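Asker: One structure, pasted below without further comment.
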Amino acid sequence: TQLLEQSPQFLSIQEGENLTVYCNSSSVFSSLQWYRQEPGEGPVLLVTVVTGGEVKKLKRLTFQFGDARKDSSLHITAAQPGDTGLYLCAGVVGGSYIPTFGRGTSLIVHP
Amino acid sequence: KAGVTQTPRYLIKTRGQQVTLSCSPISGHRSVSWYQQTPGQGLQFLFEYFSETQRNKGNFPGRFSGRQFSNSRSEMNVSTLELGDSALYLCASSWGGGSNTGELFFGEGSRLTVL
């Protein structure tokens with residue numbers, strides 16, 4: 001059973017469109033991270049959220065942590081081809097040092 | 001600040017052989033974690049080392065092993081390679097202390113192909 005469910009699995013959109021990626025779990029997380037991974041590279045940390053209801057913005061990317069700290073979303077406004085990649089969420093359960101990763105959302109933005 | 005360095009980047013082995021992968025963490029980071037990434041299973045946790053001790057271990061067979069040196073550099077070894085071991089092996093470093101939020105800094109990975 002996957003601890004973290006990400007949806008959708010795949011997303012193919014045109015440049016300029018908006019999109020939202022979801023990360024859901026039945027577990028409560030003390031913190032949650034979002035990463036982006038490009039082909040042939042390692043994941044790169046985008047953001048960490050720790051407080052229920054927290055919203056963080058990174059240019060055109062908006063990250064939200066659910067009030068109950070069981071889910072998160074990533075919204076991209078006016079997507080660009082440079083946003084193409086695999087988006088991974090990872091959650092840390094309290095007391096653990098090891099984050100659990102979702103399987104990722106593969107995003108392709110066509111010019 | 002130099003990032004996480006993994007070597008080699010690419011390697012090809014045959015079934016039954018063994019392989020050793022190396023990882024140099026970010027300076028000052030004491031925790032090194034290893035993950036296996038495949039298209040079907042995503043990122044799966046292998047093990048984590050902190051101050052030369054294996055602190056956490058995932059659900060992989062004993063053919064997968066690792067160690068950490070006093071300078072925090074880490075190696076992982078896979079013995080008796082199987083076709084299913086073909087994957088991207090990722091090393092990640094973090095400070096690893098008590099207030100750890102789980103943030104990981106990944107290397108570019110070692111792409112292992114087993115023929």
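Starting from 1 in every chain, residues are counted up; chains themselves are A, B, ... following the order of the structure tokens, and ligands are numbered from 1 as listed.
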Can you tell me, as number ranges by chain, what residues are no more than 6 Å from Ser30 (chain A) when counting only C-alpha atoms, ignoring any on the same chain fewer than 6 positions away?

Answerer: A: 92-94

Asker: For Val44 (chain A), find every residue with an atom within 7 Å (counting only C-alpha atoms), except residues of its own chain fewer than 5 positions away, and show them as an MDAnalysis selection string.

Answerer: (chainID A and resid 35:37) or (chainID B and resid 105:106)

Asker: Counting only C-alpha atoms, which residues of chain B come no farther than 12 Å from chain A, as a ChimeraX atom specification?

Answerer: /B:3-6,9-10,31-50,55-58,87-112

Asker: Could you pull out the strand (DSSP E) residues of region 60-94 of chain B, going by DSSP on the backbone, and write them as a list of chain:residue names?

Answerer: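 Residues of region 60-94 of chain B classed as strand (DSSP E): B:Phe64, B:Ser65, B:Gly66, B:Arg67, B:Gln68, B:Ser74, B:Glu75, B:Met76, B:Asn77, B:Val78, B:Ala87, B:Leu88, B:Tyr89, B:Leu90, B:Cys91, B:Ala92, B:Ser93, B:Ser94.
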
Asker: Next, the residues of the selection above should be written as a compact mmCIF listing (two decimals), in the first residue's frame with all heavy atoms.

Answerer:
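So the final result, stored in selection-v5.txt, reads:
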```
# COMPACT_ATOMS: atom_id res chain seq x y z
N PHE B 64 22.04 -6.06 -0.88
CA PHE B 64 22.25 -4.62 -0.87
C PHE B 64 22.84 -4.23 0.48
O PHE B 64 22.26 -4.50 1.54
CB PHE B 64 20.93 -3.88 -1.08
CG PHE B 64 20.33 -4.08 -2.43
CD1 PHE B 64 19.60 -5.22 -2.72
CD2 PHE B 64 20.49 -3.12 -3.42
CE1 PHE B 64 19.04 -5.42 -3.99
CE2 PHE B 64 19.93 -3.30 -4.68
CZ PHE B 64 19.21 -4.45 -4.97
N SER B 65 23.99 -3.60 0.44
CA SER B 65 24.64 -3.20 1.69
C SER B 65 25.29 -1.84 1.50
O SER B 65 25.46 -1.37 0.36
CB SER B 65 25.69 -4.23 2.12
OG SER B 65 26.72 -4.32 1.13
N GLY B 66 25.67 -1.24 2.59
CA GLY B 66 26.29 0.07 2.49
C GLY B 66 27.21 0.31 3.67
O GLY B 66 27.30 -0.51 4.60
N ARG B 67 27.87 1.42 3.62
CA ARG B 67 28.69 1.85 4.75
C ARG B 67 28.95 3.35 4.63
O ARG B 67 28.77 3.93 3.55
CB ARG B 67 30.00 1.08 4.81
CG ARG B 67 30.90 1.19 3.58
CD ARG B 67 32.18 0.42 3.79
NE ARG B 67 33.03 0.42 2.60
CZ ARG B 67 34.29 0.00 2.61
NH1 ARG B 67 34.86 -0.43 3.72
NH2 ARG B 67 35.01 0.01 1.48
N GLN B 68 29.35 3.92 5.74
CA GLN B 68 29.68 5.34 5.75
C GLN B 68 31.02 5.51 6.44
O GLN B 68 31.29 4.87 7.46
CB GLN B 68 28.60 6.15 6.47
CG GLN B 68 28.81 7.66 6.37
CD GLN B 68 27.73 8.45 7.08
OE1 GLN B 68 27.22 8.02 8.11
NE2 GLN B 68 27.39 9.61 6.54
N SER B 74 29.86 7.91 1.59
CA SER B 74 29.19 6.63 1.72
C SER B 74 29.36 5.80 0.45
O SER B 74 29.55 6.34 -0.64
CB SER B 74 27.69 6.84 2.01
OG SER B 74 26.99 5.61 2.08
N GLU B 75 29.31 4.52 0.63
CA GLU B 75 29.30 3.59 -0.50
C GLU B 75 28.15 2.62 -0.32
O GLU B 75 27.78 2.29 0.81
CB GLU B 75 30.60 2.79 -0.57
CG GLU B 75 31.82 3.58 -0.99
CD GLU B 75 33.07 2.72 -1.06
OE1 GLU B 75 33.06 1.57 -0.56
OE2 GLU B 75 34.07 3.22 -1.61
N MET B 76 27.59 2.18 -1.44
CA MET B 76 26.66 1.08 -1.37
C MET B 76 27.13 -0.02 -2.33
O MET B 76 27.76 0.27 -3.35
CB MET B 76 25.22 1.47 -1.68
CG MET B 76 24.93 1.88 -3.09
SD MET B 76 23.14 1.80 -3.43
CE MET B 76 22.89 0.05 -3.68
N ASN B 77 26.87 -1.23 -1.96
CA ASN B 77 27.32 -2.38 -2.73
C ASN B 77 26.12 -3.28 -3.02
O ASN B 77 25.25 -3.48 -2.16
CB ASN B 77 28.38 -3.15 -1.93
CG ASN B 77 28.95 -4.32 -2.72
OD1 ASN B 77 29.79 -4.14 -3.59
ND2 ASN B 77 28.47 -5.52 -2.43
N VAL B 78 26.08 -3.78 -4.24
CA VAL B 78 25.08 -4.78 -4.58
C VAL B 78 25.83 -6.00 -5.09
O VAL B 78 26.61 -5.90 -6.04
CB VAL B 78 24.10 -4.29 -5.67
CG1 VAL B 78 22.97 -5.30 -5.85
CG2 VAL B 78 23.54 -2.92 -5.33
N ALA B 87 18.44 0.05 -12.45
CA ALA B 87 17.71 1.18 -11.86
C ALA B 87 18.63 2.39 -11.78
O ALA B 87 19.84 2.30 -12.03
CB ALA B 87 17.22 0.83 -10.45
N LEU B 88 18.03 3.50 -11.40
CA LEU B 88 18.79 4.69 -11.04
C LEU B 88 18.96 4.67 -9.52
O LEU B 88 17.96 4.61 -8.79
CB LEU B 88 18.05 5.96 -11.47
CG LEU B 88 18.76 7.30 -11.18
CD1 LEU B 88 20.03 7.43 -12.02
CD2 LEU B 88 17.81 8.47 -11.45
N TYR B 89 20.18 4.67 -9.06
CA TYR B 89 20.46 4.67 -7.62
C TYR B 89 20.82 6.08 -7.20
O TYR B 89 21.78 6.67 -7.69
CB TYR B 89 21.57 3.67 -7.28
CG TYR B 89 21.08 2.25 -7.44
CD1 TYR B 89 21.17 1.60 -8.67
CD2 TYR B 89 20.47 1.58 -6.38
CE1 TYR B 89 20.67 0.31 -8.83
CE2 TYR B 89 19.97 0.29 -6.53
CZ TYR B 89 20.08 -0.32 -7.77
OH TYR B 89 19.57 -1.60 -7.93
N LEU B 90 20.03 6.59 -6.29
CA LEU B 90 20.17 7.98 -5.85
C LEU B 90 20.68 8.04 -4.42
O LEU B 90 20.22 7.31 -3.55
CB LEU B 90 18.82 8.69 -5.93
CG LEU B 90 18.29 8.94 -7.34
CD1 LEU B 90 16.80 9.22 -7.31
CD2 LEU B 90 19.03 10.10 -7.99
N CYS B 91 21.63 8.93 -4.23
CA CYS B 91 22.14 9.21 -2.90
C CYS B 91 21.61 10.59 -2.50
O CYS B 91 21.52 11.49 -3.34
CB CYS B 91 23.67 9.20 -2.95
SG CYS B 91 24.46 9.93 -1.52
N ALA B 92 21.27 10.73 -1.24
CA ALA B 92 20.77 12.02 -0.76
C ALA B 92 21.42 12.33 0.58
O ALA B 92 21.57 11.44 1.42
CB ALA B 92 19.26 11.99 -0.61
N SER B 93 21.78 13.57 0.77
CA SER B 93 22.37 13.94 2.06
C SER B 93 21.48 14.93 2.79
O SER B 93 20.67 15.63 2.19
CB SER B 93 23.79 14.49 1.87
OG SER B 93 23.79 15.85 1.46
N SER B 94 21.63 14.93 4.10
CA SER B 94 20.93 15.90 4.93
C SER B 94 21.72 16.07 6.21
O SER B 94 22.62 15.27 6.51
CB SER B 94 19.50 15.42 5.24
OG SER B 94 19.52 14.27 6.07
```

Asker: With a distance cut-off of 8 Å and only C-alpha atoms, select the neighbouring residues of Ser70 (chain B), excluding the residue or stretch itself and same-chain residues fewer than 3 positions from it, and output the selection as number ranges by chain.

Answerer: B: 51-52, 73

Asker: Could you dump the residues just selected with N, CA, C and O atoms as a short mmCIF file (atom, residue, chain, number, x, y, z; two decimals), in the first residue's frame?

Answerer:
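Printed below is result16.cif as written:
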```cif
data_model
loop_
_atom_site.label_atom_id
_atom_site.label_comp_id
_atom_site.auth_asym_id
_atom_site.auth_seq_id
_atom_site.Cartn_x
_atom_site.Cartn_y
_atom_site.Cartn_z
N SER B 51 26.55 9.30 10.99
CA SER B 51 27.76 9.15 11.81
C SER B 51 28.29 7.72 11.78
O SER B 51 28.54 7.09 12.82
N GLU B 52 28.43 7.21 10.57
CA GLU B 52 29.06 5.91 10.29
C GLU B 52 28.21 4.71 10.72
O GLU B 52 28.67 3.57 10.64
N ARG B 73 31.38 10.36 3.69
CA ARG B 73 31.23 9.73 2.39
C ARG B 73 30.64 8.34 2.56
O ARG B 73 30.86 7.67 3.58
#
```

Asker: So that each row is one residue of region 43-109 of chain A with an atom at most 7 Å from region 3-17 of chain A, can you give its shortest atom pair and the distance in Å to one decimal, using only C-alpha atoms, rows by chain and rising number, as CSV?

Answerer:
```
residue,atom,partner,partner_atom,distance
A:Thr77,CA,A:Glu17,CA,6.9
A:Ala78,CA,A:Gly16,CA,4.0
A:Ala79,CA,A:Gly16,CA,5.0
A:Gln80,CA,A:Glu15,CA,5.1
A:Pro81,CA,A:Glu15,CA,6.5
A:Phe101,CA,A:Leu4,CA,6.6
A:Gly102,CA,A:Leu4,CA,4.8
A:Arg103,CA,A:Gln6,CA,6.6
A:Gly104,CA,A:Gln6,CA,6.0
A:Thr105,CA,A:Gln9,CA,4.6
A:Ser106,CA,A:Phe10,CA,4.8
A:Leu107,CA,A:Leu11,CA,4.8
A:Ile108,CA,A:Ser12,CA,4.8
A:Val109,CA,A:Ile13,CA,5.1
```

Asker: For the residues in the current selection, export N, CA and C atoms as a compact mmCIF listing (two decimals), in the first residue's frame.

Answerer:
```txt
# COMPACT_ATOMS: atom_id res chain seq x y z
N THR A 77 0.78 28.01 -12.39
CA THR A 77 0.06 28.99 -13.22
C THR A 77 0.86 29.25 -14.50
N ALA A 78 0.14 29.30 -15.61
CA ALA A 78 0.77 29.61 -16.91
C ALA A 78 2.02 28.75 -17.13
N ALA A 79 1.82 27.45 -17.21
CA ALA A 79 2.94 26.51 -17.32
C ALA A 79 3.81 26.82 -18.54
N GLN A 80 5.11 26.57 -18.37
CA GLN A 80 6.08 26.78 -19.43
C GLN A 80 6.81 25.47 -19.71
N PRO A 81 7.39 25.31 -20.90
CA PRO A 81 8.12 24.07 -21.21
C PRO A 81 9.19 23.73 -20.18
N PHE A 101 8.14 8.67 -0.29
CA PHE A 101 7.86 9.36 -1.53
C PHE A 101 6.61 8.82 -2.21
N GLY A 102 5.86 9.72 -2.84
CA GLY A 102 4.83 9.30 -3.77
C GLY A 102 5.47 8.86 -5.06
N ARG A 103 4.69 8.29 -5.97
CA ARG A 103 5.26 7.78 -7.23
C ARG A 103 5.46 8.87 -8.26
N GLY A 104 4.93 10.06 -7.99
CA GLY A 104 5.22 11.18 -8.85
C GLY A 104 4.17 11.46 -9.90
N THR A 105 4.17 12.69 -10.37
CA THR A 105 3.34 13.13 -11.49
C THR A 105 4.29 13.57 -12.60
N SER A 106 4.18 12.92 -13.74
CA SER A 106 5.03 13.26 -14.88
C SER A 106 4.33 14.33 -15.70
N LEU A 107 4.94 15.52 -15.76
CA LEU A 107 4.34 16.65 -16.46
C LEU A 107 5.12 16.97 -17.73
N ILE A 108 4.40 17.12 -18.83
CA ILE A 108 4.99 17.58 -20.08
C ILE A 108 4.24 18.83 -20.50
N VAL A 109 4.99 19.90 -20.72
CA VAL A 109 4.40 21.14 -21.19
C VAL A 109 4.89 21.39 -22.62
```

Asker: Please provide the set of residues having any atom within 10 Å of Lys13 (chain B), restricted to only C-alpha atoms, with same-chain residues fewer than 5 positions apart removed, written as a list in words.

Answerer: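 Answer for this query is Gln18, Val19, Leu81, Glu82, Leu83, Ser86, Leu112, Thr113, Val114 and Leu115 of chain B.
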